[in-house]
Amino acid sequence: MNSGKATYPCEMHAHTNHSDGNDTPYEFVRNAVRRDLKVVVISDHDVIAPSEVLKPDGTTEEICACAAARGLCLLRGIEFSCETQVEDVHIVGLGCDWNNAAILAEVAAVSGSKAESYAETIRRLDERGYRITLDEVLSSGPERIELRDLQKKRIFDLLAKKGYFPDWSAAKLFVREDPYFGVKRKKPDALKVIRLLHDAGGIAILAHPYLIDEQVESGGETMPRWTFIDRLIAGGLDGIEIRYTYDKTTCRDKRPREEIWADVERHVHGRIFYSGGSDYHGDYKKGIQNPRELGECGLTWEEFCSVPAFVELYRKSPVCQK
């Protein structure tokens, strides 16, 4: 891992091993401090961010307090995968009541849907000669997980590890492009998720808009990507990632990422606030060349402070109570 200072001090989109990241929550905090971040968001996939860290001495500590003791503001969030017929429509929620009954019910529903579809994807891959089993996938990480906790990236990682593909992103593209392997799971409507987050007292941010296909099928209609995003804005979307590590993922748009950032900013200027993040997964642990780094993308401190919702979350965090 690069232990140098982050390019952006406010990292608004990152993952731990509570979903498909590789850092434990304690390692995540430690690595964010090493990168000299001021603010970091844990937005694990379809699961509420961890509430505590397990420290090397075997004791636990509330995660935001652990970060604050090291001068870091850590914000707990969630990244909901939305829209059954569309890949990569992801909405990051922040500032919610994480005990909200509707949030907990949605998380449980998503977990059940994932379990069914991912098990079937694994069966079909094995059937076609990609020799992996569900038991192998569940056991392939640092520790065995339950089926309800399976994230799709774990399947891609194992396919790469077994030599079928050069890396996880190539495996993801292969599975995505072959309808036989792309077993659809039921995902919530994006507008429903925005309302859900608002009802729980939070804010809704659209992640990586250019990972969404140019043509989107939603609600029985087919429309251009930006028509779909405009509907989300009209439906209450609060923010959007203008900076993201497109060149290190499966984006079909191969322009320099700075050009894509400029396109996003041009489309939404003055309508919703800006966010940004690296989508860090701790892939340095797997020997991936040029992995995403914490704070590689994100916001400047001035940009962060220009968003009232972010400032409010910062002021409520333990780092301000020191």
# chains A, B, ... in the order shown; residues from 1 in each chain; ligands from 1
call {"tool": "closest_atom_pairs", "arguments": {"of": "stretch 9-126 of chain A", "to": "stretch 189-208 of chain A", "cutoff": "12 Å", "atoms": "only C-alpha atoms", "output": "CSV"}}
result
residue,atom,partner,partner_atom,distance
A:Met12,CA,A:Ala207,CA,9.8
A:His13,CA,A:Ala207,CA,8.2
A:Ala14,CA,A:Ala207,CA,11.0
A:Ser43,CA,A:Ala207,CA,10.5
A:His45,CA,A:Ala207,CA,11.8
A:Asp46,CA,A:Val193,CA,11.2
A:Leu75,CA,A:Gly202,CA,11.9
A:Arg76,CA,A:Gly202,CA,11.1
A:Gly77,CA,A:Gly202,CA,9.4
A:Ile78,CA,A:Ala204,CA,9.9
A:Glu79,CA,A:Ala207,CA,8.4
A:Phe80,CA,A:Val193,CA,7.6
A:Ser81,CA,A:Ala190,CA,8.3
A:Cys82,CA,A:Ala190,CA,5.2
A:Glu83,CA,A:Asp189,CA,5.2
A:Thr84,CA,A:Asp189,CA,7.7
A:Gln85,CA,A:Asp189,CA,10.1
A:Val86,CA,A:Asp189,CA,10.5
A:Glu87,CA,A:His208,CA,11.4
A:Asp88,CA,A:His208,CA,7.9
A:Val89,CA,A:Ala207,CA,7.4
A:His90,CA,A:Ala207,CA,5.5
A:Ile91,CA,A:Leu206,CA,4.6
A:Val92,CA,A:Ile205,CA,5.0
A:Gly93,CA,A:Ala204,CA,4.9
A:Leu94,CA,A:Gly202,CA,5.4
A:Gly95,CA,A:Gly202,CA,4.5
A:Cys96,CA,A:Gly202,CA,4.1
A:Asp97,CA,A:Ala200,CA,5.4
A:Trp98,CA,A:Ala200,CA,7.8
A:Asn99,CA,A:Ala200,CA,8.8
A:Asn100,CA,A:Ala200,CA,6.1
A:Ala101,CA,A:Ala200,CA,8.9
A:Ala102,CA,A:Leu196,CA,7.1
A:Ile103,CA,A:Leu196,CA,6.9
A:Leu104,CA,A:Ala200,CA,10.6
A:Ala105,CA,A:Leu196,CA,10.7
A:Glu106,CA,A:Leu196,CA,9.0
A:Val107,CA,A:Val193,CA,11.0
A:Val110,CA,A:Asp189,CA,11.8
call {"tool": "residues_around", "arguments": {"residues": "A:Asp44", "least_positions_apart": "4", "cutoff": "7 Å", "atoms": "only C-alpha atoms", "output": "compact mmCIF listing (two decimals) with C-alpha atoms, in the first residue's frame"}}
result
# COMPACT_ATOMS: atom_id res chain seq x y z
CA HIS A 15 -14.93 -0.40 1.66
CA THR A 16 -13.85 -2.80 4.40
CA HIS A 18 -17.56 -6.26 5.94
CA SER A 19 -18.44 -6.30 2.23
CA ILE A 48 -24.40 -0.95 7.24
CA ALA A 49 -20.84 0.12 7.96
CA ILE A 78 -23.93 2.17 3.07
CA GLU A 79 -23.79 1.69 -0.70
call {"tool": "select_by_dssp", "arguments": {"residues": "stretch 79-206 of chain A", "states": "strand (DSSP E or B)", "output": "ChimeraX atom specification"}}
result
/A:79-82,89-94,203-206
call {"tool": "write_last_selection", "arguments": {"atoms": "C-alpha atoms", "output": "PDB file, in the first residue's frame"}}
result
ATOM      1  CA  GLU A  79     -23.791   1.689  -0.701  1.00  0.00           C
ATOM      2  CA  PHE A  80     -27.066   0.299  -2.013  1.00  0.00           C
ATOM      3  CA  SER A  81     -27.071  -1.493  -5.375  1.00  0.00           C
ATOM      4  CA  CYS A  82     -30.249  -0.437  -7.177  1.00  0.00           C
ATOM      5  CA  VAL A  89     -26.554   2.051 -10.164  1.00  0.00           C
ATOM      6  CA  HIS A  90     -25.224   2.543  -6.655  1.00  0.00           C
ATOM      7  CA  ILE A  91     -26.445   5.046  -4.084  1.00  0.00           C
ATOM      8  CA  VAL A  92     -24.347   5.910  -1.052  1.00  0.00           C
ATOM      9  CA  GLY A  93     -26.300   6.788   2.083  1.00  0.00           C
ATOM     10  CA  LEU A  94     -24.818   8.861   4.909  1.00  0.00           C
ATOM     11  CA  ILE A 203     -28.628  11.902   2.433  1.00  0.00           C
ATOM     12  CA  ALA A 204     -28.371  10.059  -0.891  1.00  0.00           C
ATOM     13  CA  ILE A 205     -25.367  10.315  -3.238  1.00  0.00           C
ATOM     14  CA  LEU A 206     -25.101   8.660  -6.661  1.00  0.00           C
TER      15      LEU A 206
END
call {"tool": "atom_distance", "arguments": {"atom1": "atom CA of A:Ser218", "atom2": "atom CA of A:Glu258"}}
result
28.5 Å
call {"tool": "closest_residue", "arguments": {"among": "A:Arg176, A:Val268, A:Lys316, A:Gln321", "to": "A:Thr250", "atoms": "only C-alpha atoms"}}
result
A:Arg176
call {"tool": "closest_residue", "arguments": {"among": "A:Leu173, A:Ala309, A:Val29, A:Ile155", "to": "A:Tyr274", "atoms": "only C-alpha atoms"}}
result
A:Ala309
call {"tool": "residues_around", "arguments": {"residues": "A:Arg34", "least_positions_apart": "3", "cutoff": "8 Å", "atoms": "only C-alpha atoms", "output": "PyMOL selection string"}}
result
chain A and resi 3-5+30-31+37
